[in-house]
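S.K.: File name input-v9.txt; file contents compact mmCIF, C-alpha atoms and all ligand atoms; full text below.
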# COMPACT_ATOMS: atom_id res chain seq x y z
CA MET A 1092 208.43 141.37 -14.15
CA ARG A 1093 205.55 143.48 -12.85
CA ARG A 1094 204.57 146.46 -14.98
CA LYS A 1095 204.76 149.58 -12.89
CA LEU A 1096 201.79 151.77 -12.06
CA VAL A 1097 201.79 155.48 -11.18
CA VAL A 1098 198.57 157.02 -9.89
CA GLY A 1099 198.01 160.67 -9.12
CA ASN A 1100 195.88 161.49 -6.08
CA TRP A 1101 194.66 165.01 -6.70
CA LYS A 1102 193.05 165.27 -3.25
CA MET A 1103 190.78 168.35 -2.99
CA HIS A 1104 192.61 170.41 -5.56
CA GLY A 1105 191.83 171.79 -8.97
CA ASN A 1106 189.04 173.33 -10.98
CA ARG A 1107 187.75 172.60 -14.44
CA ALA A 1108 190.27 174.83 -16.18
CA SER A 1109 193.33 173.66 -14.23
CA ASN A 1110 192.26 170.02 -14.50
CA ALA A 1111 191.94 170.32 -18.28
CA GLU A 1112 195.40 171.83 -18.46
CA LEU A 1113 196.88 169.14 -16.23
CA LEU A 1114 195.30 166.31 -18.20
CA ALA A 1115 196.38 167.85 -21.49
CA GLY A 1116 199.94 167.95 -20.19
CA ILE A 1117 199.81 164.28 -19.24
CA LEU A 1118 198.14 163.23 -22.48
CA GLY A 1119 200.66 165.19 -24.51
CA ALA A 1120 203.55 163.33 -22.91
CA ARG A 1121 202.39 159.86 -23.97
CA PRO A 1122 203.32 157.14 -24.50
CA PHE A 1123 204.40 155.89 -21.09
CA ALA A 1124 206.15 152.64 -20.37
CA CYS A 1125 204.13 152.18 -17.17
CA ASP A 1126 200.42 152.18 -16.40
CA VAL A 1127 199.17 155.63 -15.42
CA GLY A 1128 196.05 156.76 -13.60
CA VAL A 1129 194.56 159.80 -11.91
CA CYS A 1130 192.20 159.76 -8.94
CA VAL A 1131 190.22 162.97 -9.01
CA PRO A 1132 187.57 164.62 -6.82
CA PHE A 1133 184.14 163.04 -7.35
CA VAL A 1134 182.71 166.10 -9.09
CA TYR A 1135 185.40 165.97 -11.75
CA VAL A 1136 185.13 162.27 -12.57
CA ALA A 1137 182.76 162.87 -15.49
CA ASP A 1138 184.93 165.57 -17.06
CA THR A 1139 187.99 163.39 -16.58
CA ALA A 1140 186.24 160.45 -18.23
CA VAL A 1141 185.60 162.59 -21.30
CA SER A 1142 189.17 163.90 -21.42
CA LEU A 1143 190.77 160.46 -21.08
CA ALA A 1144 188.21 158.34 -22.92
CA THR A 1145 190.32 157.68 -25.98
CA SER A 1146 193.60 157.26 -24.11
CA GLU A 1147 195.09 154.41 -22.11
CA ILE A 1148 195.33 156.64 -19.02
CA ARG A 1149 192.88 155.43 -16.40
CA TRP A 1150 190.90 157.39 -13.88
CA GLY A 1151 189.31 156.83 -10.54
CA ALA A 1152 188.05 158.33 -7.30
CA GLN A 1153 189.67 158.97 -3.95
CA ASP A 1154 187.03 157.16 -1.91
CA VAL A 1155 183.94 155.01 -2.40
CA SER A 1156 180.97 154.09 -0.26
CA ALA A 1157 180.85 150.69 1.37
CA GLN A 1158 177.09 150.74 0.77
CA GLU A 1159 175.35 149.57 -2.38
CA GLN A 1160 172.69 152.30 -2.52
CA GLY A 1161 170.10 154.00 -0.37
CA ALA A 1162 169.73 156.73 2.21
CA PHE A 1163 173.41 157.56 2.62
CA THR A 1164 173.56 161.30 2.05
CA GLY A 1165 176.79 162.47 0.53
CA GLU A 1166 178.06 159.01 -0.32
CA VAL A 1167 179.06 157.85 -3.81
CA SER A 1168 178.66 154.20 -4.70
CA ALA A 1169 180.99 151.90 -6.57
CA ALA A 1170 178.31 151.32 -9.20
CA MET A 1171 178.13 155.07 -9.85
CA LEU A 1172 181.88 155.29 -10.27
CA ARG A 1173 181.93 152.32 -12.55
CA GLU A 1174 179.19 153.84 -14.67
CA LEU A 1175 181.55 156.80 -15.25
CA GLY A 1176 184.28 154.48 -16.39
CA CYS A 1177 186.41 154.59 -13.24
CA ARG A 1178 189.07 151.94 -12.99
CA TYR A 1179 190.33 152.78 -9.49
CA ALA A 1180 189.02 153.79 -6.09
CA ILE A 1181 191.47 154.72 -3.36
CA VAL A 1182 190.36 153.35 -0.01
CA GLY A 1183 191.84 153.84 3.44
CA HIS A 1184 193.92 156.89 2.61
CA SER A 1185 195.44 158.10 5.87
CA GLU A 1186 193.64 161.43 5.51
CA ARG A 1187 190.33 159.59 5.53
CA ARG A 1188 191.42 157.36 8.39
CA ALA A 1189 192.47 160.44 10.38
CA HIS A 1190 189.86 163.06 9.46
CA HIS A 1191 186.87 160.81 8.89
CA ALA A 1192 187.58 158.18 11.52
CA GLU A 1193 187.67 155.36 9.00
CA GLY A 1194 188.70 152.13 10.64
CA ASP A 1195 190.11 148.92 9.21
CA GLN A 1196 186.73 147.22 8.84
CA LEU A 1197 185.16 150.14 6.97
CA VAL A 1198 188.18 150.33 4.68
CA ALA A 1199 187.86 146.60 4.01
CA ASP A 1200 184.14 146.96 3.28
CA LYS A 1201 184.88 149.78 0.85
CA ALA A 1202 187.51 147.68 -0.93
CA LYS A 1203 184.98 144.87 -1.23
CA ALA A 1204 182.28 147.20 -2.59
CA ALA A 1205 184.73 148.57 -5.14
CA LEU A 1206 185.81 145.16 -6.34
CA GLY A 1207 182.20 144.02 -6.50
CA HIS A 1208 181.61 146.60 -9.22
CA GLY A 1209 184.73 146.04 -11.24
CA LEU A 1210 186.82 148.81 -9.67
CA THR A 1211 190.34 148.09 -8.52
CA PRO A 1212 190.68 149.26 -4.92
CA ILE A 1213 193.96 150.98 -4.14
CA VAL A 1214 194.22 150.07 -0.48
CA CYS A 1215 196.39 152.46 1.55
CA VAL A 1216 198.22 151.30 4.64
CA GLY A 1217 200.82 153.10 6.69
CA GLU A 1218 202.06 153.92 10.15
CA THR A 1219 202.25 157.26 11.93
CA LEU A 1220 205.58 158.66 13.08
CA GLU A 1221 204.72 157.76 16.64
CA GLN A 1222 204.00 154.16 15.65
CA ARG A 1223 207.25 153.94 13.66
CA GLU A 1224 209.28 155.28 16.55
CA ALA A 1225 207.60 152.78 18.86
CA GLY A 1226 208.67 149.95 16.53
CA GLN A 1227 205.09 149.19 15.51
CA THR A 1228 205.31 149.72 11.75
CA GLU A 1229 205.02 146.06 10.83
CA VAL A 1230 202.20 145.34 13.23
CA VAL A 1231 200.20 148.35 12.05
CA VAL A 1232 200.48 147.79 8.31
CA LYS A 1233 199.84 144.06 8.66
CA ARG A 1234 196.74 144.70 10.74
CA GLN A 1235 195.44 147.20 8.17
CA LEU A 1236 196.09 144.87 5.24
CA SER A 1237 194.80 141.82 7.04
CA ALA A 1238 191.31 143.32 7.38
CA VAL A 1239 191.14 143.82 3.61
CA ILE A 1240 192.59 140.41 2.77
CA HIS A 1241 189.97 138.83 5.01
CA ALA A 1242 187.11 140.82 3.44
CA LEU A 1243 188.16 140.14 -0.15
CA GLY A 1244 188.79 136.43 0.35
CA HIS A 1245 189.71 134.68 -2.89
CA CYS A 1246 189.62 138.06 -4.71
CA ALA A 1247 192.41 139.54 -2.57
CA GLY A 1248 194.83 139.24 -5.46
CA GLU A 1249 192.87 141.85 -7.41
CA MET A 1250 193.60 144.82 -5.18
CA VAL A 1251 196.48 147.25 -5.48
CA VAL A 1252 198.19 148.00 -2.16
CA ALA A 1253 199.78 151.37 -1.42
CA TYR A 1254 202.25 151.70 1.41
CA GLU A 1255 202.01 155.30 2.55
CA PRO A 1256 203.83 156.11 5.77
CA VAL A 1257 201.70 158.85 7.32
CA TRP A 1258 204.78 160.82 8.32
CA ALA A 1259 205.85 161.06 4.69
CA ILE A 1260 202.57 162.26 3.18
CA GLY A 1261 202.66 165.88 2.13
CA THR A 1262 205.58 166.54 4.45
CA GLY A 1263 208.46 166.48 2.00
CA ARG A 1264 209.95 163.79 4.19
CA THR A 1265 210.24 160.63 2.06
CA ALA A 1266 210.95 157.16 3.34
CA THR A 1267 214.38 156.10 2.12
CA PRO A 1268 214.22 153.48 -0.62
CA GLU A 1269 215.52 150.96 1.92
CA GLN A 1270 212.91 151.87 4.53
CA ALA A 1271 210.14 151.64 1.96
CA GLN A 1272 211.43 148.36 0.50
CA ALA A 1273 211.59 146.78 3.95
CA VAL A 1274 207.89 147.44 4.51
CA HIS A 1275 206.96 146.43 0.96
CA ALA A 1276 208.71 143.11 1.52
CA VAL A 1277 206.67 142.56 4.67
CA LEU A 1278 203.46 143.32 2.78
CA ARG A 1279 204.46 141.04 -0.11
CA ALA A 1280 205.10 138.21 2.32
CA GLN A 1281 201.72 138.77 3.91
CA LEU A 1282 200.07 138.70 0.48
CA ARG A 1283 201.94 135.50 -0.41
CA ALA A 1284 200.44 133.81 2.59
CA ALA A 1285 196.98 134.88 1.43
CA THR A 1286 196.95 134.52 -2.34
CA SER A 1287 198.81 132.77 -5.10
CA GLN A 1288 198.70 136.04 -7.07
CA ALA A 1289 200.97 137.91 -4.63
CA ASP A 1290 203.91 138.02 -7.00
CA THR A 1291 201.91 139.71 -9.73
CA MET A 1292 200.19 142.19 -7.42
CA LYS A 1293 201.25 145.80 -7.35
CA ILE A 1294 202.42 147.44 -4.14
CA LEU A 1295 202.81 151.20 -4.64
CA TYR A 1296 204.79 153.55 -2.48
CA GLY A 1297 203.32 156.93 -1.56
CA GLY A 1298 204.69 159.76 0.52
CA SER A 1299 206.44 162.80 -0.96
CA VAL A 1300 207.46 161.05 -4.17
CA LYS A 1301 209.04 163.74 -6.35
CA PRO A 1302 210.83 163.81 -9.71
CA ASP A 1303 214.20 163.66 -7.94
CA ASN A 1304 213.54 160.63 -5.71
CA ALA A 1305 211.13 158.53 -7.79
CA ALA A 1306 213.70 156.49 -9.72
CA ARG A 1307 215.51 155.27 -6.60
CA LEU A 1308 212.25 154.28 -4.93
CA PHE A 1309 210.94 152.51 -8.03
CA ALA A 1310 214.21 150.59 -8.40
CA GLN A 1311 213.44 148.61 -5.25
CA ALA A 1312 212.44 145.00 -5.75
CA ASP A 1313 208.97 145.23 -4.23
CA ILE A 1314 208.05 148.79 -5.16
CA ASP A 1315 205.81 148.61 -8.20
CA GLY A 1316 205.18 152.30 -8.71
CA GLY A 1317 203.74 155.19 -6.78
CA LEU A 1318 200.68 156.92 -5.42
CA ILE A 1319 201.52 160.56 -5.93
CA GLY A 1320 199.93 163.51 -4.12
CA GLY A 1321 201.47 166.97 -4.43
CA ALA A 1322 203.66 166.17 -7.41
CA ALA A 1323 200.64 164.90 -9.35
CA LEU A 1324 199.28 168.43 -9.61
CA LYS A 1325 201.96 169.66 -11.97
CA ALA A 1326 202.02 167.87 -15.32
CA SER A 1327 205.78 168.11 -15.82
CA ASP A 1328 206.50 166.64 -12.36
CA PHE A 1329 203.95 163.88 -12.73
CA VAL A 1330 205.22 163.00 -16.19
CA THR A 1331 208.81 162.87 -14.93
CA ILE A 1332 207.71 160.49 -12.17
CA CYS A 1333 205.89 158.31 -14.71
CA ARG A 1334 209.04 158.20 -16.82
CA ALA A 1335 211.04 157.13 -13.78
CA ALA A 1336 208.70 154.16 -13.48
CA GLY A 1337 209.16 153.00 -17.03
C1 LIG B 1 199.07 160.93 -1.03
O1 LIG B 1 198.27 161.77 -0.67
O2 LIG B 1 198.66 159.81 -1.32
C2 LIG B 1 200.48 161.30 -1.11
C3 LIG B 1 201.34 160.35 -1.28
O3 LIG B 1 200.78 162.65 -1.02
P1 LIG B 1 202.22 163.33 -1.27
O4 LIG B 1 202.81 162.72 -2.50
O5 LIG B 1 201.91 164.78 -1.42
O6 LIG B 1 203.04 163.04 -0.05
How does this structure look as structure tokens?
M.R.:
Amino acid sequence: MRRKLVVGNWKMHGNRASNAELLAGILGARPFACDVGVCVPFVYVADTAVSLATSEIRWGAQDVSAQEQGAFTGEVSAAMLRELGCRYAIVGHSERRAHHAEGDQLVADKAKAALGHGLTPIVCVGETLEQREAGQTEVVVKRQLSAVIHALGHCAGEMVVAYEPVWAIGTGRTATPEQAQAVHAVLRAQLRAATSQADTMKILYGGSVKPDNAARLFAQADIDGGLIGGAALKASDFVTICRAAG
């Protein structure tokens, strides 16, 4: 039985005061029966590390550079994140693929850089509505995951995968549990072909997970928790989702 994982993706939200309040709300609701993490804006990683240091809640970033170090203005390296105690780095979020033109190879390189410094990459894959309607969902997510599997090689079993249909992110339109499970099963099969660790790996679902739909999604055989955007910004909602996972 895989232990579930729920990770909040705060995106570009918050300020020091609201973050402190949000984290206090999460900390006050412990213990959880699942693993819990928050991926915060880079500038708040240090504060978050202080707030969560003595808890079992983990923290991370929403992106990471594929580069080790050097003249890469604006980039943040995996080593820097690790130094601040990060456990996770989200890579390949659809907002970065769409707004920052990140392609499969760059996402794979970022996952490799993260893993190289002891961070667990949360690798996002997902199809657009157009691709789904054209029957391309499987091809798209397999292509996205394949690039990362190839880059990580024998370490592929160490990543967390997040299936996030683009049409469900921030739209209030959630994949049905059956739709999500079908894609998770495809991803699990792809992982099985690549690594003996596939059955212990976590595949998260992300896309308008809310307190009222989380339990049904998390009850699916291959859904091992969630990557939560909007609902991660309100402690009571996030906590309810974490409870649904445990
Ligand atoms: C996300 O950004 O990863 C996400 C899943 O967002 P939301 O929950 O708001 O759809």
S.K.: What are the nearest atom pairs, with distances in Å to one decimal, for all residues of segment 1225-1326 of chain A that come at most 10 Å from segment 1102-1117 of chain A, using only C-alpha atoms, set out by chain and rising residue number as a tab-separated table?
M.R.:
residue	atom	partner	partner_atom	distance
A:Gly1320	CA	A:Lys1102	CA	7.2
A:Gly1321	CA	A:Lys1102	CA	8.7
A:Ala1323	CA	A:Leu1113	CA	8.9
A:Leu1324	CA	A:Leu1113	CA	7.1
A:Lys1325	CA	A:Leu1113	CA	6.7
A:Ala1326	CA	A:Gly1116	CA	5.3
S.K.: Work out how far apart atom CA of Ala1157 of chain A and atom CA of Val1136 of chain A are and give it in Å to one decimal.
M.R.: 18.6 Å
S.K.: Pick from A:Gly1297, A:Pro1132, A:Gly1316, A:Gly1209: nearest to Tyr1254 of chain A, with only C-alpha atoms counted?
M.R.: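 Smallest separation from Tyr1254 of chain A among the options: A:Gly1297.
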S.K.: With only C-alpha atoms as the basis for distance, which of A:Gln1227, A:Gln1153, A:Thr1139, A:Ser1237 is at the shortest distance from Gln1196 of chain A?
M.R.: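 Of the candidates, the smallest distance to Gln1196 of chain A is held by A:Ser1237.
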S.K.: Could you jot down the atom CA of Gly1261 of chain A to atom CA of Arg1188 of chain A separation for me, Å, one decimal place?
M.R.: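 Interatomic distance here is 15.4 Å.
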S.K.: Can you measure atom O6 of ligand LIG 1 (chain B) to atom CA of Ala1259 of chain A for me? One decimal in Å is fine.
M.R.: 5.9 Å
S.K.: Taking into account only C-alpha atoms and all ligand atoms, which residue in the set A:Val1098, A:Ala1205, A:Val1330, A:Ala1280 is nearest to ligand LIG 1 (chain B)?
M.R.: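 Looking at the shortest contact to ligand LIG 1 (chain B), the residue is A:Val1098.
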